[in-house]
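Trainee: File follows, work39.txt with compact mmCIF, N, CA and C atoms and all ligand atoms:
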# COMPACT_ATOMS: atom_id res chain seq x y z
N MET J 1 106.22 102.67 106.97
CA MET J 1 105.99 101.27 106.59
C MET J 1 106.65 101.01 105.24
N PRO J 2 107.43 99.90 105.09
CA PRO J 2 108.11 99.66 103.82
C PRO J 2 107.12 99.33 102.70
N HIS J 3 107.47 99.68 101.48
CA HIS J 3 106.62 99.40 100.33
C HIS J 3 107.37 98.47 99.41
N SER J 4 106.67 97.46 98.87
CA SER J 4 107.31 96.59 97.88
C SER J 4 107.38 97.36 96.57
N PRO J 5 108.31 96.98 95.66
CA PRO J 5 108.40 97.68 94.37
C PRO J 5 107.06 97.67 93.64
N CYS J 6 106.29 96.56 93.75
CA CYS J 6 104.99 96.50 93.06
C CYS J 6 104.03 97.54 93.61
N GLU J 7 104.01 97.63 94.95
CA GLU J 7 103.11 98.61 95.56
C GLU J 7 103.46 100.02 95.09
N VAL J 8 104.75 100.31 95.05
CA VAL J 8 105.19 101.64 94.66
C VAL J 8 104.77 101.92 93.23
N LEU J 9 104.97 100.94 92.33
CA LEU J 9 104.58 101.11 90.93
C LEU J 9 103.08 101.33 90.81
N GLN J 10 102.31 100.53 91.56
CA GLN J 10 100.85 100.68 91.51
C GLN J 10 100.45 102.08 91.97
N GLN J 11 101.09 102.53 93.05
CA GLN J 11 100.73 103.84 93.57
C GLN J 11 101.07 104.93 92.56
N LYS J 12 102.24 104.80 91.91
CA LYS J 12 102.65 105.85 90.99
C LYS J 12 101.79 105.82 89.72
N ALA J 13 101.28 104.61 89.35
CA ALA J 13 100.52 104.50 88.11
C ALA J 13 99.06 104.90 88.31
N ALA J 14 98.55 104.72 89.53
CA ALA J 14 97.12 104.95 89.76
C ALA J 14 96.78 106.43 89.60
N PRO J 15 95.69 106.74 88.91
CA PRO J 15 95.35 108.14 88.67
C PRO J 15 94.69 108.82 89.87
N GLY J 16 94.09 108.06 90.76
CA GLY J 16 93.27 108.67 91.80
C GLY J 16 93.97 108.80 93.13
N HIS J 17 93.29 108.44 94.17
CA HIS J 17 93.83 108.68 95.50
C HIS J 17 94.53 107.43 96.04
N TYR J 18 95.41 107.68 96.96
CA TYR J 18 96.17 106.61 97.60
C TYR J 18 95.85 106.68 99.08
N ASP J 19 95.74 105.53 99.72
CA ASP J 19 95.37 105.57 101.14
C ASP J 19 96.60 105.43 102.02
N ARG J 20 97.75 105.72 101.48
CA ARG J 20 98.96 105.70 102.30
C ARG J 20 99.97 106.67 101.68
N ASP J 21 101.05 106.91 102.42
CA ASP J 21 102.03 107.85 101.92
C ASP J 21 102.84 107.24 100.78
N VAL J 22 103.25 108.10 99.88
CA VAL J 22 104.03 107.66 98.72
C VAL J 22 105.50 107.96 99.00
N PRO J 23 106.38 106.95 98.84
CA PRO J 23 107.80 107.18 99.12
C PRO J 23 108.33 108.35 98.28
N ASP J 24 109.21 109.10 98.87
CA ASP J 24 109.88 110.22 98.20
C ASP J 24 108.97 111.42 97.97
N CYS J 25 107.76 111.41 98.53
CA CYS J 25 106.91 112.60 98.40
C CYS J 25 107.13 113.49 99.63
N LEU J 26 107.59 114.70 99.36
CA LEU J 26 107.91 115.64 100.44
C LEU J 26 106.70 115.90 101.35
N PHE J 27 105.51 116.14 100.76
CA PHE J 27 104.36 116.49 101.58
C PHE J 27 103.79 115.27 102.29
N CYS J 28 103.92 114.06 101.73
CA CYS J 28 103.57 112.85 102.48
C CYS J 28 104.45 112.77 103.73
N ALA J 29 105.73 113.08 103.57
CA ALA J 29 106.66 113.01 104.70
C ALA J 29 106.33 114.07 105.75
N ILE J 30 105.85 115.23 105.32
CA ILE J 30 105.41 116.25 106.28
C ILE J 30 104.14 115.76 106.98
N ALA J 31 103.23 115.14 106.21
CA ALA J 31 101.97 114.64 106.80
C ALA J 31 102.22 113.58 107.86
N THR J 32 103.24 112.74 107.66
CA THR J 32 103.52 111.69 108.65
C THR J 32 104.43 112.19 109.78
N GLY J 33 104.98 113.40 109.62
CA GLY J 33 105.87 113.95 110.64
C GLY J 33 107.32 113.56 110.43
N ASP J 34 107.62 112.86 109.34
CA ASP J 34 109.01 112.46 109.07
C ASP J 34 109.88 113.66 108.70
N ILE J 35 109.26 114.66 108.09
CA ILE J 35 109.96 115.91 107.80
C ILE J 35 109.23 117.00 108.58
N PRO J 36 109.98 117.81 109.35
CA PRO J 36 109.32 118.81 110.19
C PRO J 36 108.74 119.97 109.38
N ALA J 37 107.69 120.53 109.91
CA ALA J 37 107.08 121.73 109.33
C ALA J 37 106.43 122.49 110.47
N THR J 38 106.16 123.76 110.23
CA THR J 38 105.47 124.56 111.24
C THR J 38 103.98 124.41 111.01
N ILE J 39 103.36 123.59 111.86
CA ILE J 39 101.94 123.26 111.69
C ILE J 39 101.08 124.44 112.18
N VAL J 40 100.09 124.77 111.37
CA VAL J 40 99.15 125.84 111.73
C VAL J 40 97.83 125.23 112.20
N LEU J 41 97.30 124.27 111.45
CA LEU J 41 96.08 123.57 111.84
C LEU J 41 96.25 122.10 111.49
N ASP J 42 95.76 121.27 112.40
CA ASP J 42 95.97 119.83 112.27
C ASP J 42 94.59 119.17 112.20
N GLY J 43 94.18 118.74 111.01
CA GLY J 43 92.89 118.10 110.86
C GLY J 43 93.04 116.60 110.71
N LYS J 44 91.89 115.90 110.77
CA LYS J 44 91.94 114.45 110.64
C LYS J 44 92.42 114.05 109.24
N ARG J 45 91.86 114.73 108.23
CA ARG J 45 92.21 114.37 106.85
C ARG J 45 93.03 115.42 106.13
N THR J 46 93.21 116.56 106.76
CA THR J 46 93.97 117.65 106.14
C THR J 46 94.94 118.26 107.15
N LEU J 47 95.95 118.93 106.62
CA LEU J 47 96.98 119.52 107.47
C LEU J 47 97.40 120.85 106.86
N ALA J 48 97.55 121.86 107.71
CA ALA J 48 97.99 123.18 107.26
C ALA J 48 99.32 123.50 107.92
N PHE J 49 100.29 123.92 107.10
CA PHE J 49 101.62 124.26 107.64
C PHE J 49 102.20 125.43 106.85
N ARG J 50 103.16 126.13 107.45
CA ARG J 50 103.71 127.33 106.82
C ARG J 50 104.63 126.97 105.65
N ASP J 51 104.48 127.76 104.57
CA ASP J 51 105.37 127.58 103.43
C ASP J 51 106.79 127.97 103.85
N ILE J 52 107.75 127.17 103.40
CA ILE J 52 109.15 127.41 103.79
C ILE J 52 109.70 128.68 103.14
N SER J 53 109.07 129.14 102.07
CA SER J 53 109.54 130.33 101.36
C SER J 53 108.35 131.29 101.17
N PRO J 54 107.94 131.95 102.26
CA PRO J 54 106.69 132.72 102.22
C PRO J 54 106.72 133.88 101.23
N GLN J 55 105.61 134.00 100.49
CA GLN J 55 105.47 135.07 99.48
C GLN J 55 104.55 136.18 99.95
N ALA J 56 104.10 136.09 101.18
CA ALA J 56 103.21 137.09 101.78
C ALA J 56 103.31 136.92 103.29
N PRO J 57 102.86 137.91 104.08
CA PRO J 57 102.94 137.77 105.54
C PRO J 57 102.30 136.47 106.04
N THR J 58 101.16 136.10 105.44
CA THR J 58 100.61 134.75 105.69
C THR J 58 100.79 133.94 104.42
N HIS J 59 101.50 132.85 104.52
CA HIS J 59 101.63 131.91 103.39
C HIS J 59 101.64 130.50 103.98
N VAL J 60 100.47 129.88 103.90
CA VAL J 60 100.27 128.57 104.52
C VAL J 60 99.83 127.59 103.44
N LEU J 61 100.31 126.37 103.52
CA LEU J 61 99.90 125.31 102.58
C LEU J 61 98.92 124.39 103.29
N VAL J 62 97.86 124.02 102.58
CA VAL J 62 96.89 123.07 103.14
C VAL J 62 96.91 121.83 102.25
N ILE J 63 97.15 120.68 102.86
CA ILE J 63 97.26 119.44 102.08
C ILE J 63 96.29 118.37 102.61
N PRO J 64 95.88 117.45 101.72
CA PRO J 64 95.24 116.24 102.23
C PRO J 64 96.33 115.35 102.82
N ARG J 65 96.02 114.64 103.89
CA ARG J 65 97.04 113.75 104.47
C ARG J 65 97.38 112.61 103.51
N ASP J 66 96.36 112.12 102.77
CA ASP J 66 96.62 111.09 101.76
C ASP J 66 97.18 111.74 100.51
N HIS J 67 97.84 110.92 99.71
CA HIS J 67 98.50 111.46 98.53
C HIS J 67 97.57 111.53 97.32
N TYR J 68 97.41 112.72 96.77
CA TYR J 68 96.76 112.94 95.48
C TYR J 68 97.72 113.82 94.70
N PRO J 69 97.97 113.51 93.45
CA PRO J 69 99.00 114.26 92.72
C PRO J 69 98.66 115.73 92.49
N ASP J 70 97.38 116.04 92.35
CA ASP J 70 97.01 117.44 92.14
C ASP J 70 95.55 117.65 92.52
N VAL J 71 95.08 118.88 92.40
CA VAL J 71 93.72 119.19 92.85
C VAL J 71 92.67 118.49 91.99
N ALA J 72 92.98 118.21 90.73
CA ALA J 72 92.03 117.52 89.87
C ALA J 72 91.79 116.10 90.40
N ALA J 73 92.84 115.42 90.80
CA ALA J 73 92.70 114.07 91.36
C ALA J 73 91.95 114.13 92.69
N LEU J 74 92.18 115.18 93.43
CA LEU J 74 91.48 115.36 94.72
C LEU J 74 89.98 115.57 94.49
N ALA J 75 89.64 116.37 93.49
CA ALA J 75 88.24 116.62 93.16
C ALA J 75 87.57 115.33 92.68
N GLU J 76 88.30 114.59 91.88
CA GLU J 76 87.76 113.34 91.31
C GLU J 76 87.51 112.30 92.40
N ALA J 77 88.30 112.34 93.44
CA ALA J 77 88.18 111.34 94.51
C ALA J 77 86.88 111.50 95.29
N GLY J 78 86.35 112.70 95.36
CA GLY J 78 85.07 112.92 96.05
C GLY J 78 85.19 112.73 97.55
N GLY J 79 84.07 112.36 98.16
CA GLY J 79 84.07 112.11 99.60
C GLY J 79 84.15 113.37 100.45
N GLY J 80 84.01 114.53 99.83
CA GLY J 80 84.01 115.78 100.60
C GLY J 80 85.39 116.26 101.02
N LEU J 81 86.43 115.58 100.53
CA LEU J 81 87.77 115.95 100.99
C LEU J 81 88.20 117.32 100.47
N LEU J 82 87.86 117.61 99.21
CA LEU J 82 88.22 118.93 98.66
C LEU J 82 87.48 120.04 99.42
N ASP J 83 86.20 119.80 99.74
CA ASP J 83 85.44 120.77 100.54
C ASP J 83 86.14 121.01 101.88
N GLU J 84 86.56 119.90 102.48
CA GLU J 84 87.20 119.97 103.80
C GLU J 84 88.50 120.78 103.71
N LEU J 85 89.24 120.54 102.62
CA LEU J 85 90.51 121.23 102.46
C LEU J 85 90.29 122.74 102.28
N VAL J 86 89.30 123.10 101.46
CA VAL J 86 89.01 124.53 101.26
C VAL J 86 88.46 125.13 102.56
N GLY J 87 87.68 124.34 103.29
CA GLY J 87 87.19 124.80 104.59
C GLY J 87 88.35 125.06 105.54
N GLN J 88 89.35 124.19 105.51
CA GLN J 88 90.50 124.41 106.40
C GLN J 88 91.30 125.63 105.95
N ALA J 89 91.34 125.87 104.63
CA ALA J 89 92.01 127.08 104.14
C ALA J 89 91.34 128.32 104.75
N HIS J 90 90.02 128.31 104.81
CA HIS J 90 89.31 129.44 105.43
C HIS J 90 89.61 129.51 106.93
N GLN J 91 89.67 128.36 107.57
CA GLN J 91 90.00 128.36 109.01
C GLN J 91 91.39 128.93 109.27
N VAL J 92 92.31 128.67 108.34
CA VAL J 92 93.65 129.25 108.44
C VAL J 92 93.54 130.77 108.39
N ALA J 93 92.74 131.27 107.43
CA ALA J 93 92.57 132.73 107.29
C ALA J 93 92.00 133.32 108.59
N VAL J 94 91.04 132.62 109.19
CA VAL J 94 90.46 133.10 110.45
C VAL J 94 91.54 133.10 111.54
N ALA J 95 92.28 132.01 111.63
CA ALA J 95 93.31 131.89 112.67
C ALA J 95 94.41 132.94 112.50
N GLU J 96 94.66 133.33 111.25
CA GLU J 96 95.71 134.32 110.97
C GLU J 96 95.16 135.75 111.02
N GLY J 97 93.84 135.88 111.19
CA GLY J 97 93.22 137.21 111.28
C GLY J 97 93.13 137.93 109.96
N ILE J 98 93.06 137.18 108.85
CA ILE J 98 92.99 137.83 107.53
C ILE J 98 91.68 137.52 106.80
N ASP J 99 90.76 136.86 107.48
CA ASP J 99 89.49 136.53 106.81
C ASP J 99 88.69 137.79 106.48
N GLY J 100 88.82 138.82 107.33
CA GLY J 100 88.10 140.07 107.09
C GLY J 100 88.72 140.89 105.97
N SER J 101 90.04 140.98 105.96
CA SER J 101 90.73 141.81 104.95
C SER J 101 90.78 141.12 103.60
N GLY J 102 90.72 139.80 103.58
CA GLY J 102 90.73 139.05 102.33
C GLY J 102 92.03 138.28 102.15
N TYR J 103 91.94 137.27 101.36
CA TYR J 103 93.09 136.39 101.14
C TYR J 103 92.92 135.66 99.82
N ARG J 104 93.96 134.97 99.40
CA ARG J 104 93.92 134.25 98.13
C ARG J 104 94.21 132.78 98.37
N VAL J 105 93.42 131.92 97.70
CA VAL J 105 93.64 130.47 97.76
C VAL J 105 94.02 130.03 96.35
N VAL J 106 95.18 129.40 96.22
CA VAL J 106 95.72 129.04 94.91
C VAL J 106 96.07 127.56 94.86
N PHE J 107 95.63 126.91 93.79
CA PHE J 107 96.08 125.54 93.52
C PHE J 107 96.91 125.57 92.24
N ASN J 108 98.20 125.70 92.33
CA ASN J 108 99.03 125.58 91.14
C ASN J 108 98.89 124.15 90.63
N THR J 109 98.63 123.99 89.35
CA THR J 109 98.35 122.65 88.82
C THR J 109 99.15 122.40 87.55
N GLY J 110 100.02 121.41 87.61
CA GLY J 110 100.80 121.03 86.42
C GLY J 110 101.96 121.98 86.16
N ARG J 111 102.72 121.66 85.13
CA ARG J 111 103.97 122.37 84.85
C ARG J 111 103.74 123.86 84.58
N GLU J 112 102.86 124.17 83.65
CA GLU J 112 102.67 125.59 83.33
C GLU J 112 101.86 126.31 84.41
N GLY J 113 101.20 125.54 85.25
CA GLY J 113 100.51 126.15 86.39
C GLY J 113 101.45 126.46 87.54
N GLY J 114 102.72 126.05 87.40
CA GLY J 114 103.71 126.36 88.42
C GLY J 114 103.76 125.39 89.58
N GLN J 115 103.18 124.19 89.40
CA GLN J 115 103.21 123.20 90.49
C GLN J 115 104.59 122.54 90.54
N THR J 116 105.22 122.59 91.70
CA THR J 116 106.55 121.99 91.85
C THR J 116 106.53 120.79 92.78
N VAL J 117 105.50 120.65 93.60
CA VAL J 117 105.39 119.49 94.49
C VAL J 117 104.13 118.72 94.09
N ALA J 118 104.31 117.46 93.68
CA ALA J 118 103.20 116.68 93.11
C ALA J 118 102.38 115.99 94.20
N HIS J 119 101.98 116.75 95.18
CA HIS J 119 101.03 116.33 96.22
C HIS J 119 100.09 117.52 96.34
N ALA J 120 98.80 117.29 96.07
CA ALA J 120 97.85 118.40 96.02
C ALA J 120 97.99 119.32 97.24
N HIS J 121 97.95 120.61 96.97
CA HIS J 121 98.03 121.57 98.08
C HIS J 121 97.42 122.89 97.66
N ALA J 122 96.80 123.54 98.62
CA ALA J 122 96.30 124.90 98.43
C ALA J 122 97.27 125.85 99.13
N HIS J 123 97.62 126.93 98.42
CA HIS J 123 98.36 128.02 99.06
C HIS J 123 97.32 128.99 99.63
N VAL J 124 97.47 129.37 100.87
CA VAL J 124 96.65 130.43 101.46
C VAL J 124 97.57 131.63 101.66
N LEU J 125 97.29 132.69 100.92
CA LEU J 125 98.17 133.88 100.92
C LEU J 125 97.38 135.09 101.39
N GLY J 126 97.97 135.88 102.25
CA GLY J 126 97.28 137.09 102.70
C GLY J 126 98.16 137.93 103.60
N GLY J 127 97.56 138.99 104.13
CA GLY J 127 98.31 139.91 104.99
C GLY J 127 98.90 141.07 104.20
N ARG J 128 98.64 141.07 102.89
CA ARG J 128 99.01 142.21 102.04
C ARG J 128 98.05 142.21 100.86
N SER J 129 98.02 143.32 100.10
CA SER J 129 97.16 143.36 98.91
C SER J 129 97.76 142.48 97.83
N MET J 130 96.95 141.64 97.24
CA MET J 130 97.40 140.75 96.16
C MET J 130 97.25 141.48 94.83
N THR J 131 98.15 141.22 93.92
CA THR J 131 98.05 141.84 92.60
C THR J 131 97.45 140.86 91.61
N TRP J 132 96.93 141.39 90.53
CA TRP J 132 96.37 140.58 89.44
C TRP J 132 96.72 141.23 88.12
N PRO J 133 97.16 140.55 87.08
CA PRO J 133 97.32 139.10 87.04
C PRO J 133 98.56 138.64 87.80
N PRO J 134 98.55 137.37 88.22
CA PRO J 134 99.71 136.81 88.92
C PRO J 134 100.84 136.59 87.93
N GLY J 135 102.03 136.45 88.41
CA GLY J 135 103.20 136.26 87.53
C GLY J 135 103.26 134.87 86.95
P1 LIG I 201 103.93 124.64 94.25
O1 LIG I 201 105.11 125.30 93.57
O2 LIG I 201 102.61 125.28 93.98
O3 LIG I 201 103.94 123.14 93.97
O4 LIG I 201 104.14 124.85 95.80
C1 LIG I 201 105.07 124.16 96.54
C2 LIG I 201 105.40 125.02 97.73
O5 LIG I 201 106.03 124.18 98.68
C3 LIG I 201 106.37 126.16 97.44
O6 LIG I 201 105.73 127.39 97.74
C4 LIG I 201 107.55 125.88 98.37
O7 LIG I 201 108.09 127.05 98.93
C5 LIG I 201 106.92 124.98 99.42
N1 LIG I 201 107.85 124.09 100.09
C6 LIG I 201 108.84 123.35 99.54
N2 LIG I 201 109.45 122.61 100.49
C7 LIG I 201 108.81 122.88 101.67
C8 LIG I 201 108.98 122.45 103.02
N3 LIG I 201 109.91 121.55 103.36
N4 LIG I 201 108.15 122.95 103.96
C9 LIG I 201 107.20 123.86 103.64
N5 LIG I 201 107.00 124.31 102.37
C10 LIG I 201 107.79 123.83 101.42
ZN ZN I 202 102.37 112.82 98.80
Output the structure of this file as structure tokens.
Ligand code: AMP
Ligand code: ZN
Mentor:
Amino acid sequence: MPHSPCEVLQQKAAPGHYDRDVPDCLFCAIATGDIPATIVLDGKRTLAFRDISPQAPTHVLVIPRDHYPDVAALAEAGGGLLDELVGQAHQVAVAEGIDGSGYRVVFNTGREGGQTVAHAHAHVLGGRSMTWPPG
């Protein structure tokens, strides 16, 4: 759906959640199906798909379908969405058969946190022993 310049500015300026996709956001485009991804689990409000550059045998990203810039905005929005997203991360681990052996859920947040895509997402990593501290 086309967005007027005002709508786009409002969406980019708003600190909280958006109830539609944001133009030029890679993960919004994956959520709408405009950009293909390998879907692992498809929820009403969340979506899990394989990371294009896997860092472990299982490396899946879990996103809210609506646009939130990072996990802090997602937490602030409330409504149980963050719970749902973490629940889906666990469901991914079950589906991948790594819930018993263990796995890592990571929300890179902001520049020094290593976040490169400004649409909140959890990395679900597993299938090998994870090291600590992370790089
Ligand atoms: P982060 O650096 O924490 O923001 O994570 C972004 C992740 O998105 C990285 O692990 C990338 O490999 C992954 N990524 C980038 N483009 C795509 C894509 N088109 N499909 C799936 N994963 C992607
Ligand atoms: Zn987005």
Trainee: Pick out the residues sitting within 7 Å of segment 50-67 of chain J, and hand them over as a count of residues only; count all atoms listed in the file, and ignore anything fewer than 3 positions along from it in its own chain.
Mentor: 31
Trainee: Taking only N, CA and C atoms into account, which of J:Ala118, J:Asn108, J:Ile35, J:Leu41 comes nearest Tyr68 of chain J?
Mentor: J:Ala118
Trainee: Please report the interatomic distance between atom C of Thr109 of chain J and atom CA of Glu76 of chain J in Å with one decimal.
Mentor: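 Atom C of Thr109 of chain J sits 15.0 Å away from atom CA of Glu76 of chain J.
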Trainee: What is the atom CA of Gly135 of chain J to atom CA of Gly102 of chain J distance in Å?
Mentor: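 Distance reported for this atom pair: 19.6 Å.
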Trainee: Which of these residues is nearest to ligand ZN 202 (chain I), using all atoms listed in the file: J:Pro36, J:Ala72, J:Val117, J:Val94?
Mentor: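 Once distances to ligand ZN 202 (chain I) are computed over all atoms listed in the file, the minimum belongs to J:Val117.
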Trainee: Using Å and a single decimal, report how far atom CA of Pro134 of chain J sits from atom CA of Gly113 of chain J.
Mentor: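 Going from atom CA of Gly113 of chain J over to atom CA of Pro134 of chain J covers 11.0 Å.
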Trainee: Determine the axis-aligned bounding box of all atoms of ligand LIG 201 (chain I) present in the file, pad each side by 8 Å, and express its centre and edge lengths in Å to one decimal place as JSON.
Mentor:
{"center_x": 106.3, "center_y": 124.5, "center_z": 98.8, "size_x": 23.3, "size_y": 21.8, "size_z": 26.4}
Trainee: Between J:Asp42, J:Pro69, J:Val92, J:Asp99, single out the one closest to ligand ZN 202 (chain I), counting only C-alpha atoms and all ligand atoms.
Mentor: J:Pro69
Trainee: Where in chain J does DSSP assign strand (DSSP E), given as a list of chain:residue names?
Mentor: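 Those in chain J that DSSP calls strand (DSSP E) are J:Ile39, J:Val40, J:Leu41, J:Asp42, J:Thr46, J:Leu47, J:Ala48, J:Phe49, J:Arg50, J:Thr58, J:His59, J:Val60, J:Leu61, J:Val62, J:Ile63, J:Pro64, J:Tyr103, J:Arg104, J:Val105, J:Val106, J:Ala122, J:His123, J:Val124, J:Leu125, J:Gly126.
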Trainee: Check segment 2-133 of chain J with DSSP on the backbone and list each residue it calls helix (DSSP H, G or I), as a PyMOL selection string.
Mentor: chain J and resi 5-13+26-32+71-77+81-96
Trainee: Nearest to ligand LIG 201 (chain I) among J:Val105, J:Ala73, J:Val86, J:Leu81, with distances taken over only C-alpha atoms and all ligand atoms: which residue is it?
Mentor: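 The shortest atom-to-atom distance to ligand LIG 201 (chain I) comes from J:Val105.
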